[in-house]
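Next comes start38.txt, with compact mmCIF, C-alpha atoms.
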```txt
# COMPACT_ATOMS: atom_id res chain seq x y z
CA MET U 102 -31.41 56.66 62.16
CA ALA U 103 -28.18 58.39 61.35
CA ALA U 104 -26.23 55.77 63.28
CA THR U 105 -27.75 52.85 61.42
CA SER U 106 -27.33 54.52 58.06
CA VAL U 107 -23.73 55.29 58.89
CA GLY U 108 -23.30 51.70 59.97
CA ARG U 109 -24.71 50.57 56.66
CA VAL U 110 -22.29 52.75 54.74
CA LEU U 111 -19.41 51.43 56.80
CA THR U 112 -20.41 47.84 56.37
CA LEU U 113 -20.77 48.37 52.68
CA CYS U 114 -17.31 49.93 52.57
CA ARG U 115 -15.91 46.84 54.24
CA GLN U 116 -17.88 44.70 51.82
CA PHE U 117 -16.51 46.71 48.97
CA GLN U 118 -13.03 45.76 50.14
CA ASN U 119 -13.79 42.07 50.70
CA ALA U 120 -15.80 41.89 47.56
CA PHE U 121 -16.08 38.14 47.52
CA ARG U 122 -18.01 37.55 50.70
CA ILE U 123 -21.58 38.75 50.92
CA SER U 124 -23.91 37.73 53.73
CA THR U 125 -27.66 37.47 53.50
CA SER U 126 -28.02 40.60 55.61
CA LEU U 127 -27.88 42.43 52.29
CA ALA U 128 -31.53 41.59 51.68
CA VAL U 129 -32.46 43.22 54.98
CA GLN U 130 -30.40 46.29 54.11
CA GLN U 131 -31.93 46.72 50.71
CA SER U 132 -35.48 46.52 51.99
CA ALA U 133 -34.78 48.94 54.80
CA LEU U 134 -32.92 51.47 52.66
CA THR U 135 -34.15 54.99 53.23
CA LEU U 136 -32.59 58.30 52.44
CA THR U 137 -29.02 57.66 53.43
CA LYS U 138 -25.88 59.44 52.45
CA SER U 139 -24.62 58.27 49.07
CA GLN U 140 -27.74 56.19 48.59
CA SER U 141 -27.28 55.97 44.86
CA TYR U 142 -23.84 54.53 45.44
CA LEU U 143 -25.33 51.92 47.80
CA ASP U 144 -27.84 50.97 45.12
CA ARG U 145 -25.12 50.63 42.57
CA LEU U 146 -23.08 48.48 44.91
CA THR U 147 -25.94 46.08 45.57
CA TYR U 148 -26.75 45.80 41.86
CA PRO U 149 -23.74 43.79 40.65
CA LEU U 150 -23.84 41.66 43.76
CA LEU U 151 -27.42 40.66 42.99
CA SER U 152 -26.83 39.71 39.38
CA SER U 153 -24.97 36.51 40.05
CA ASN U 154 -24.76 33.02 38.71
CA TRP U 155 -21.87 31.48 40.63
CA HIS U 156 -22.67 29.26 43.58
CA CYS U 157 -20.64 30.03 46.67
CA HIS U 158 -20.63 28.47 50.12
CA VAL U 159 -23.72 26.67 51.32
CA GLY U 160 -26.53 28.79 52.70
CA GLN U 161 -24.71 31.74 54.24
CA TYR U 162 -23.31 33.55 51.21
CA ARG U 163 -24.87 34.84 48.01
CA PRO U 164 -23.20 33.85 44.77
CA LEU U 165 -21.18 36.48 42.98
CA HIS U 166 -19.75 36.79 39.51
CA THR U 167 -16.61 38.70 38.80
CA THR U 168 -16.11 40.04 35.32
CA ILE U 169 -13.36 42.55 34.79
CA SER U 170 -13.42 46.12 33.62
CA ARG U 171 -16.95 46.39 32.18
CA ARG U 172 -18.18 47.07 35.70
CA GLY U 173 -15.43 49.65 36.03
CA LEU U 174 -16.56 51.90 33.21
CA GLU U 175 -20.21 51.46 34.20
CA GLU U 176 -19.39 53.25 37.44
CA PHE U 177 -19.10 56.46 35.44
CA PHE U 178 -22.85 56.32 34.98
CA ASP U 179 -25.80 56.05 37.30
CA ILE U 180 -27.73 52.79 37.77
CA PRO U 181 -29.90 52.03 34.72
CA GLU U 182 -33.01 52.58 36.85
CA ASN U 183 -32.25 56.27 37.16
CA TRP U 184 -31.61 56.90 33.46
CA GLY U 185 -34.28 59.29 32.15
CA GLU U 186 -35.61 60.26 35.56
CA PRO U 187 -36.16 64.01 36.00
CA THR U 188 -35.03 63.92 39.66
CA VAL U 189 -32.93 61.49 41.66
CA LYS U 190 -33.20 61.28 45.46
CA SER U 191 -30.03 61.78 47.44
CA GLY U 192 -29.21 62.19 51.10
CA ALA U 193 -27.65 65.07 53.02
CA PRO U 194 -23.94 65.88 52.67
CA TRP U 195 -21.48 64.71 55.32
CA THR U 196 -20.90 67.26 58.09
CA ALA U 197 -17.51 67.83 59.70
CA LYS U 198 -18.92 66.70 63.05
CA GLN U 199 -19.94 63.33 61.60
CA LEU U 200 -16.65 62.92 59.80
CA ARG U 201 -14.64 63.51 62.96
CA THR U 202 -16.15 60.38 64.48
CA LYS U 203 -14.76 58.20 61.67
CA SER U 204 -11.40 56.44 61.70
CA ASN U 205 -8.66 57.31 59.19
CA GLU U 206 -9.26 54.11 57.27
CA ASP U 207 -12.94 54.91 56.87
CA LEU U 208 -12.20 58.47 55.79
CA HIS U 209 -9.77 57.17 53.21
CA LYS U 210 -12.39 54.81 51.77
CA LEU U 211 -15.07 57.49 51.91
CA TRP U 212 -12.87 59.81 49.89
CA TYR U 213 -12.81 57.32 47.04
CA VAL U 214 -16.55 56.71 47.31
CA LEU U 215 -17.14 60.46 47.02
CA LEU U 216 -14.62 60.75 44.20
CA LYS U 217 -16.34 58.08 42.12
CA GLU U 218 -19.71 59.68 42.76
CA LYS U 219 -18.29 63.03 41.68
CA ASN U 220 -16.94 61.53 38.46
CA MET U 221 -20.34 60.02 37.76
CA LEU U 222 -22.10 63.35 38.31
CA LEU U 223 -19.62 65.22 36.12
CA THR U 224 -20.17 62.69 33.35
CA ILE U 225 -23.93 63.12 33.58
CA GLU U 226 -23.56 66.90 33.62
CA GLN U 227 -21.42 66.94 30.49
CA GLU U 228 -23.76 64.55 28.68
CA SER U 229 -26.79 66.65 29.61
CA LYS U 230 -25.03 69.73 28.21
CA ARG U 231 -24.32 67.82 25.00
CA GLN U 232 -27.91 66.62 24.64
CA ARG U 233 -29.27 70.03 25.75
CA ILE U 234 -31.34 68.49 28.52
CA GLN U 235 -31.48 69.54 32.17
CA MET U 236 -29.29 67.46 34.44
CA PRO U 237 -31.36 65.46 36.97
CA SER U 238 -30.83 66.92 40.48
CA PRO U 239 -27.67 69.04 40.04
CA GLU U 240 -27.55 69.77 43.78
CA ARG U 241 -25.82 66.40 44.24
CA LEU U 242 -22.60 67.90 42.88
CA LYS U 243 -22.60 70.64 45.50
CA LYS U 244 -23.27 68.12 48.26
CA ILE U 245 -20.35 65.98 47.13
CA GLU U 246 -18.00 68.93 46.86
CA ARG U 247 -18.89 70.13 50.32
CA SER U 248 -18.47 66.65 51.78
CA MET U 249 -15.03 66.32 50.19
CA LYS U 250 -14.00 69.75 51.44
CA ARG U 251 -15.06 68.88 54.96
CA LEU U 252 -13.28 65.53 54.79
CA ASP U 253 -10.14 67.34 53.71
CA THR U 254 -10.52 69.77 56.63
CA VAL U 255 -10.88 66.94 59.14
CA VAL U 256 -7.83 65.12 57.79
CA LYS U 257 -5.81 68.34 57.89
CA GLU U 258 -6.86 68.92 61.49
CA ARG U 259 -5.65 65.47 62.44
CA GLU U 260 -2.36 65.93 60.58
CA ASP U 261 -1.83 69.33 62.24
CA ALA U 262 -2.49 67.89 65.69
CA LEU U 263 -0.10 65.00 65.07
CA ARG U 264 2.63 67.27 63.78
CA LEU U 265 2.27 69.68 66.70
CA LEU U 266 2.49 66.86 69.19
CA GLN U 267 5.44 65.13 67.54
CA THR U 268 7.56 68.04 66.34
CA GLY U 269 6.01 71.26 67.63
CA GLN U 270 5.92 72.70 64.08
CA GLU U 271 2.85 74.83 63.42
CA ARG U 272 3.01 74.72 59.63
CA ALA U 273 3.45 71.73 57.34
CA ARG U 274 5.36 73.74 54.73
CA PRO U 275 8.34 75.81 55.92
CA GLY U 276 8.49 79.50 55.12
CA ALA U 277 9.70 82.90 56.30
CA TRP U 278 8.69 86.56 56.41
CA ARG U 279 10.45 88.35 53.57
CA LYS U 280 10.45 91.81 52.01
CA ASP U 281 9.83 92.19 48.32
CA ILE U 282 11.28 94.92 46.09
CA PHE U 283 8.41 97.25 46.96
CA GLY U 284 9.17 97.06 50.67
CA ARG U 285 6.10 95.01 51.47
CA VAL U 286 6.54 92.16 53.94
CA TYR U 287 4.89 88.83 53.13
CA TRP U 288 5.07 85.18 54.09
CA TYR U 289 7.29 83.44 51.55
CA ARG U 290 6.72 79.68 51.38
CA PHE U 291 9.78 77.60 50.56
CA ARG U 292 10.03 75.39 47.51
CA GLU U 293 12.30 72.47 46.78
CA HIS U 294 15.09 73.19 44.31
CA ALA U 295 17.77 71.02 42.80
CA LEU U 296 20.42 73.75 43.26
CA PRO U 297 21.53 75.92 46.18
CA TRP U 298 20.06 79.44 46.09
CA TYR U 299 23.32 81.18 45.18
CA MET U 300 23.51 79.11 41.95
CA ASN U 301 19.84 79.55 41.06
CA LYS U 302 19.66 82.42 38.57
CA ARG U 303 15.88 82.55 38.42
CA TYR U 304 15.66 82.74 42.21
CA LYS U 305 18.23 85.54 42.43
CA ARG U 306 16.19 87.61 39.98
CA LYS U 307 13.42 87.78 42.56
CA ARG U 308 15.37 90.08 44.94
CA PHE U 309 14.10 89.68 48.50
CA TYR U 310 15.37 93.13 49.48
CA THR U 311 14.28 96.69 48.77
CA PRO U 312 16.64 98.79 46.59
CA LEU U 313 17.87 102.06 48.05
CA PHE U 314 15.95 104.26 45.61
CA VAL U 315 12.65 102.68 46.75
CA THR U 316 13.04 103.07 50.54
CA PRO U 317 12.27 106.87 50.69
CA HIS U 318 8.88 106.26 49.08
CA ILE U 319 7.88 103.50 51.48
CA SER U 320 7.64 105.67 54.60
CA ARG U 321 4.63 107.65 53.45
CA ALA U 322 2.77 104.51 52.47
CA LEU U 323 3.72 102.81 55.77
CA ILE U 324 2.40 105.73 57.84
CA HIS U 325 -0.95 105.38 56.15
CA ILE U 326 -1.02 101.61 56.64
CA THR U 327 0.06 101.64 60.30
CA SER U 328 -2.37 104.43 61.18
CA TYR U 329 -5.20 102.31 59.76
CA GLN U 330 -4.00 99.23 61.59
CA ASN U 331 -3.88 101.07 64.91
CA THR U 332 -7.50 102.05 64.63
CA GLU U 333 -10.22 99.64 65.75
CA GLN U 334 -11.13 98.54 62.23
CA GLY U 335 -7.53 97.64 61.45
CA GLU U 336 -7.08 95.61 64.64
CA ARG U 337 -10.25 93.68 63.96
CA LYS U 338 -9.12 92.78 60.46
CA THR U 339 -5.57 91.69 61.24
CA ASN U 340 -6.12 88.70 63.53
CA ARG U 341 -2.78 87.03 63.79
CA THR U 342 -2.30 83.66 65.52
CA PRO U 343 -0.40 83.86 68.81
CA GLY U 344 3.21 82.80 68.91
CA GLU U 345 3.95 83.85 65.36
CA VAL U 346 6.85 86.07 64.43
CA SER U 347 5.35 89.41 63.50
CA PRO U 348 6.18 90.79 60.07
CA ASN U 349 7.77 93.87 61.62
CA GLU U 350 10.61 91.71 62.83
CA ALA U 351 11.34 90.38 59.36
CA CYS U 352 14.74 91.25 58.08
CA ASP U 353 15.63 91.73 54.45
CA CYS U 354 18.71 89.66 54.89
CA ILE U 355 20.23 87.36 52.31
CA PRO U 356 17.94 84.33 52.02
CA CYS U 357 19.13 81.09 53.54
CA PHE U 358 20.16 77.90 51.72
CA PHE U 359 16.87 76.03 51.98
CA ALA U 360 14.85 78.58 50.10
CA MET R 1041 -5.44 67.47 49.44
CA ALA R 1042 -5.86 71.12 48.47
CA ARG R 1043 -5.40 72.25 44.93
CA ARG R 1044 -2.33 74.46 45.33
CA LEU R 1045 -0.06 71.69 46.58
CA ILE R 1046 3.46 71.42 45.26
CA TYR R 1047 4.67 67.85 44.98
CA PRO R 1048 8.19 66.86 46.07
CA LEU R 1049 10.97 67.34 43.54
CA TYR R 1050 11.86 64.16 41.70
CA GLN R 1051 15.46 63.20 41.05
CA ILE R 1052 16.75 59.86 39.79
CA GLY R 1053 16.75 57.35 42.62
CA ASN R 1054 13.92 58.97 44.58
CA PRO R 1055 11.05 56.74 45.70
CA GLN R 1056 7.88 56.68 43.62
CA LEU R 1057 5.53 59.53 44.50
CA ARG R 1058 2.29 58.23 45.97
CA ILE R 1059 -0.77 60.43 46.23
CA PHE R 1060 -3.30 59.50 48.89
CA ARG R 1061 -6.78 60.87 48.30
CA PRO R 1062 -6.28 62.24 44.77
CA PRO R 1063 -8.15 65.51 44.17
CA PHE R 1064 -8.50 64.82 40.43
CA SER R 1065 -11.81 63.90 38.84
CA LEU R 1066 -12.31 62.50 35.35
CA THR R 1067 -15.31 63.12 33.12
CA LEU R 1068 -16.31 60.51 30.56
CA VAL R 1069 -17.52 62.31 27.43
CA ARG R 1070 -19.21 61.24 24.25
CA PRO R 1071 -16.67 61.59 21.41
CA GLY R 1072 -17.34 64.45 19.05
CA LYS R 1073 -15.63 62.69 16.17
CA GLU R 1074 -16.02 58.99 15.42
CA GLN R 1075 -13.58 56.97 17.57
CA PRO R 1076 -12.56 53.26 17.32
CA GLN R 1077 -14.69 50.83 19.30
CA ASP R 1078 -12.20 50.28 22.10
CA THR R 1079 -11.47 53.98 22.72
CA VAL R 1080 -12.95 55.85 25.66
CA GLN R 1081 -12.72 59.65 25.78
CA PHE R 1082 -12.16 61.53 29.05
CA ARG R 1083 -11.78 65.14 30.10
CA ILE R 1084 -9.06 65.29 32.70
CA PRO R 1085 -7.53 68.12 34.77
CA MET R 1086 -4.53 69.83 33.24
CA GLU R 1087 -2.15 68.57 35.91
CA MET R 1088 -2.66 64.89 35.05
CA THR R 1089 -0.36 62.95 32.73
CA LYS R 1090 -0.82 59.73 30.74
CA CYS R 1091 0.74 57.68 33.55
CA ASP R 1092 -1.59 59.33 36.05
CA VAL R 1093 -4.64 58.48 33.95
CA ARG R 1094 -3.51 54.89 33.58
CA ASN R 1095 -2.87 54.41 37.29
CA TYR R 1096 -6.10 56.18 38.18
CA LEU R 1097 -8.24 53.92 36.03
CA GLU R 1098 -6.42 50.76 36.99
CA LYS R 1099 -6.32 51.34 40.73
CA ILE R 1100 -9.63 53.08 41.39
CA TYR R 1101 -11.89 51.68 38.67
CA ASN R 1102 -10.11 48.34 38.07
CA VAL R 1103 -10.11 48.92 34.31
CA PRO R 1104 -7.14 47.45 32.39
CA VAL R 1105 -5.78 50.20 30.18
CA GLY R 1106 -3.75 49.71 27.02
CA ALA R 1107 -2.72 53.05 25.58
CA VAL R 1108 -3.44 56.59 26.68
CA ARG R 1109 -3.04 59.61 24.44
CA THR R 1110 -3.65 63.15 25.64
CA ARG R 1111 -4.08 66.55 24.09
CA ILE R 1112 -4.91 70.01 25.40
CA GLN R 1113 -7.95 71.74 23.98
CA TYR R 1114 -7.50 75.50 23.79
CA CYS R 1115 -10.77 77.38 24.33
CA THR R 1116 -11.40 80.88 23.09
CA ASN R 1117 -10.35 84.13 24.76
CA LYS R 1118 -12.12 86.17 22.11
CA LYS R 1119 -15.62 86.37 23.58
CA ARG R 1120 -16.59 89.55 25.37
CA ASN R 1121 -19.15 90.11 28.09
CA HIS R 1122 -21.65 92.96 28.50
CA LEU R 1123 -18.83 95.18 29.83
CA ASN R 1124 -16.76 94.51 26.70
CA GLN R 1125 -14.18 92.62 28.77
CA LYS R 1126 -12.54 89.58 27.27
CA VAL R 1127 -13.80 86.39 28.85
CA LYS R 1128 -11.69 83.27 28.70
CA ARG R 1129 -13.35 79.90 28.37
CA PRO R 1130 -11.20 77.53 30.44
CA ASP R 1131 -8.90 75.12 28.61
CA TYR R 1132 -9.16 71.42 29.26
CA LYS R 1133 -7.15 68.27 28.61
CA VAL R 1134 -8.64 65.34 26.71
CA ALA R 1135 -7.43 61.76 27.13
CA TYR R 1136 -8.15 58.95 24.68
CA VAL R 1137 -7.91 55.64 26.51
CA GLN R 1138 -7.73 52.32 24.67
CA LEU R 1139 -8.93 49.27 26.55
CA VAL R 1140 -7.22 45.90 26.56
CA GLU R 1141 -7.99 42.38 27.66
CA GLU R 1142 -6.65 41.49 31.09
CA LYS R 1143 -4.79 38.41 29.80
CA ALA R 1144 -2.45 40.45 27.61
CA ASN R 1145 0.44 40.85 30.03
CA LEU R 1146 2.78 42.39 27.51
CA ARG R 1147 2.02 45.90 28.71
CA PHE R 1148 3.70 45.16 32.04
CA TYR R 1149 7.04 45.12 30.23
CA LEU R 1150 6.40 48.44 28.57
CA PRO R 1151 7.05 51.81 30.26
CA CYS R 1152 4.14 53.64 31.75
CA HIS R 1153 3.72 56.14 28.90
CA ALA R 1154 4.14 53.60 26.06
CA VAL R 1155 1.88 53.91 23.08
CA THR R 1156 0.82 50.47 21.86
CA THR R 1157 0.53 50.53 18.11
CA GLY R 1158 -1.38 48.18 15.86
CA SER R 1159 1.66 45.95 15.42
CA ILE R 1160 1.00 44.30 18.81
CA LEU R 1161 -2.15 42.16 18.48
CA TRP R 1162 -4.41 41.98 21.48
CA VAL R 1163 -6.64 38.99 22.01
CA GLN R 1164 -10.36 39.71 22.22
CA GLN R 1165 -10.46 43.50 22.22
CA GLN R 1166 -12.90 45.10 24.60
CA THR R 1167 -15.39 47.59 23.23
CA PHE R 1168 -17.11 50.48 24.87
CA GLU R 1169 -20.09 52.37 23.55
CA PHE R 1170 -21.30 55.54 25.19
CA PRO R 1171 -24.82 54.74 26.44
CA ASP R 1172 -27.89 56.86 25.90
CA ILE R 1173 -28.67 58.13 29.38
CA PHE R 1174 -31.58 60.44 28.71
CA THR R 1175 -34.09 58.07 27.12
CA GLU R 1176 -37.60 59.18 27.99
CA LYS R 1177 -39.59 56.59 29.86
CA ASP R 1178 -43.30 56.03 29.17
CA VAL R 1179 -44.80 56.76 32.54
CA LYS R 1180 -48.39 55.70 33.02
CA SER R 1181 -49.90 57.42 36.04
CA ALA R 1182 -52.19 55.48 38.38
CA GLU R 1183 -55.85 55.13 37.43
CA GLY R 1184 -58.26 57.53 39.09
CA SER R 1185 -55.45 59.87 40.11
CA VAL R 1186 -55.38 63.60 39.47
CA GLU R 1187 -52.46 63.27 37.04
CA GLU R 1188 -54.34 60.85 34.83
CA MET R 1189 -57.30 63.23 34.57
CA GLN R 1190 -54.98 66.11 33.80
CA GLU R 1191 -53.26 64.12 31.05
CA LYS R 1192 -56.61 63.17 29.53
CA PHE R 1193 -57.73 66.78 29.57
CA MET R 1194 -54.48 67.90 27.86
CA GLU R 1195 -54.88 65.25 25.20
CA ASP R 1196 -58.47 66.35 24.49
CA GLU R 1197 -57.35 69.97 24.22
CA LYS R 1198 -54.68 69.00 21.70
CA GLN R 1199 -57.24 67.09 19.68
CA ARG R 1200 -59.47 70.17 19.55
CA GLN R 1201 -56.60 72.37 18.37
CA LYS R 1202 -55.79 70.13 15.38
CA PRO R 1203 -57.27 71.24 12.01
CA ASP R 1204 -60.25 69.48 10.42
CA LEU R 1205 -59.00 66.50 8.40
CA ARG R 1206 -61.92 66.78 5.95
CA ARG R 1207 -60.54 70.08 4.63
CA GLY R 1208 -57.56 68.26 3.11
CA GLY R 1209 -54.76 70.40 4.61
CA VAL R 1210 -56.32 73.74 3.55
CA THR R 1211 -56.18 76.37 6.31
CA GLU R 1212 -59.20 78.01 7.96
CA TRP R 1213 -58.22 81.39 6.49
CA PHE R 1214 -59.92 80.54 3.22
CA GLY R 1215 -63.65 81.09 3.86
CA LEU R 1216 -66.08 78.24 4.26
```
Give the structure from the file, written as structure tokens.
Amino acid sequence: MAATSVGRVLTLCRQFQNAFRISTSLAVQQSALTLTKSQSYLDRLTYPLLSSNWHCHVGQYRPLHTTISRRGLEEFFDIPENWGEPTVKSGAPWTAKQLRTKSNEDLHKLWYVLLKEKNMLLTIEQESKRQRIQMPSPERLKKIERSMKRLDTVVKEREDALRLLQTGQERARPGAWRKDIFGRVYWYRFREHALPWYMNKRYKRKRFYTPLFVTPHISRALIHITSYQNTEQGERKTNRTPGEVSPNEACDCIPCFFA
Amino acid sequence: MARRLIYPLYQIGNPQLRIFRPPFSLTLVRPGKEQPQDTVQFRIPMEMTKCDVRNYLEKIYNVPVGAVRTRIQYCTNKKRNHLNQKVKRPDYKVAYVQLVEEKANLRFYLPCHAVTTGSILWVQQQTFEFPDIFTEKDVKSAEGSVEEMQEKFMEDEKQRQKPDLRRGGVTEWFGL
């Protein structure tokens, strides 16, 4: 069931791209529509394709009319059937496992499908707040957000894998371990600047070194921290990835050019 | 695309920044004050600009956009919760988008953030009216079902509660 529903979503995505060719299999799809993911979106897609008055090729294809823009703003609202309903049926959110089976192209299209759905739900939510009426099925928003988050995770995984294979870099954004003025070591992520660091006044005000009058006070704090870390609780909490430069090896040297 | 991304620095001559999978979502709102017929009001995230809104609507929704004007609505920081702490209501950005007819190609020669004033006449202006989404439908339940019997019972109860019409609006408190 999941496979066919997924297939339906995919085919509809392809149809959404080639919006001018619709085959008669649409009728079959509409009659067999059950609780699929983004069902409301499927319904809204079939709606404009059904309202047609332009004769296309003989037999095979349904006629289609293409007006501009009015359809665009209508996508901010649900299909007119669902206006005034207390609840609207919707399918389960996408899981990461299902998303990993999809190609990059399909994930890209799905992102926009989810984005449009999210915009529609936000519009309905705001309007319901204005009219002081309960929004029909607010759990749809959570489902969409979770699906988008998982999609993002899957895409990041793929990007990470590609980058590791091609360059060996673990992180997308370069950075370094640095000490701040309080003597604490943290991971500083680099930013792009138009000037070199020695000409950047705002950057120099940040001071990635500990002044001499602060260093005597650090030792007592450090003893406390390290003693906690050496206990079992501390080791459980600090789970560092292997192969990473430990913060103890960070030097409070003068920051490099690309900072 | 996570929220805390920093986009590449732009200097003159750099290629156009392209965002795949935009994390921004727009909310169409009913205007509080009376707006012209062709104006659509949106709530947009703070990070978006007029150019972003235009490209968003044109590319994703296929809506030809004429002019976009934005403003930031400041929401109060004065309210306090039960612990007497100040609670900030989040600020939001509002965009007023004016629609145009597709045939008017003049806007292609204008920069992205241009404001088209009334001096340029557009042919056949498009209008948009915010629809009424929460109209109550008259649902008639199936005959012989439990719901129909329940509804009938409720209606009878209501009839019994209404005051006697023969008394001419006088309440039951006055005797007889």
Env of Met1086 in chain R: 8 Å cut, atoms = only C-alpha atoms, seq-sep filter 4 positions within chain, self excluded. Answer as a PDB file with C-alpha atoms, keeping the file's coordinate frame.
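Dumped everything to part25.pdb:
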```
ATOM      1  CA  ILE R1112      -4.910  70.010  25.400  1.00  0.00           C
ATOM      2  CA  TYR R1132      -9.160  71.420  29.260  1.00  0.00           C
ATOM      3  CA  LYS R1133      -7.150  68.270  28.610  1.00  0.00           C
TER       4      LYS R1133
END
```
Any chance you could tabulate, as a Markdown table, the residues of chain R at most 6 Å from chain U with each one's nearest atom pair and distance in Å to one decimal, using all atoms listed in the file, in chain and rising number order?
```
| residue | atom | partner | partner_atom | distance |
| --- | --- | --- | --- | --- |
| R:Ser1065 | CA | U:Asn220 | CA | 5.7 |
| R:Leu1066 | CA | U:Asn220 | CA | 5.7 |
| R:Thr1067 | CA | U:Thr224 | CA | 4.9 |
| R:Leu1068 | CA | U:Thr224 | CA | 5.2 |
| R:Tyr1101 | CA | U:Gly173 | CA | 4.9 |
| R:Asn1102 | CA | U:Gly173 | CA | 5.8 |
| R:Val1103 | CA | U:Ser170 | CA | 4.4 |
| R:Ile1173 | CA | U:Trp184 | CA | 5.2 |
| R:Phe1174 | CA | U:Gly185 | CA | 4.5 |
| R:Thr1175 | CA | U:Gly185 | CA | 5.2 |
| R:Glu1176 | CA | U:Gly185 | CA | 5.3 |
```
Fill in: Pairwise distance for CA of Asp1204 in chain R and CA of Leu1216 in chain R, rounded to one decimal in Å
12.2 Å
Practice prompt. For range 241-244 of chain U, list every protein, DNA or RNA residue within 8 Å, evaluated using only C-alpha atoms, and leave out those in the same chain fewer than 2 positions away; present the list as a PyMOL selection string.
Written response: chain U and resi 191+193-194+219+222-223+238-239+246-248
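From CA of Glu1191 in chain R back to CA of Leu1205 in chain R, the distance works out to 23.5 Å.
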Listed atoms of range 284-301 of chain U boxed axis-aligned with 4 Å per side, centre + edges as AutoDock Vina command-line options:
```
--center_x 14.2 --center_y 84.0 --center_z 47.6 --size_x 26.6 --size_y 34.0 --size_z 21.0
```
Fill in: Residues within 7 Å of Asp281 in chain U, only C-alpha atoms, excluding chain neighbours under 4 positions, as a list in words
Arg285, Val286, Arg308, Phe309, Tyr310 and Thr311 of chain U
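The spacing separating CA of Gln1056 in chain R from CA of Ser204 in chain U amounts to 26.4 Å.
Each of R:Val1105, R:Lys1099, R:Lys1177, R:Asp1092 was compared to Val1080 in chain R using all atoms listed in the file, and R:Val1105 turns out to be the nearest.
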Discussion item. Show me, as a VMD selection string, the residues that have an atom within 12 Å of range 1121-1130 of chain R when counting all atoms listed in the file, minus same-chain residues fewer than 5 positions from it.
Written reply: chain R and resid 1085 to 1086 1112 to 1116
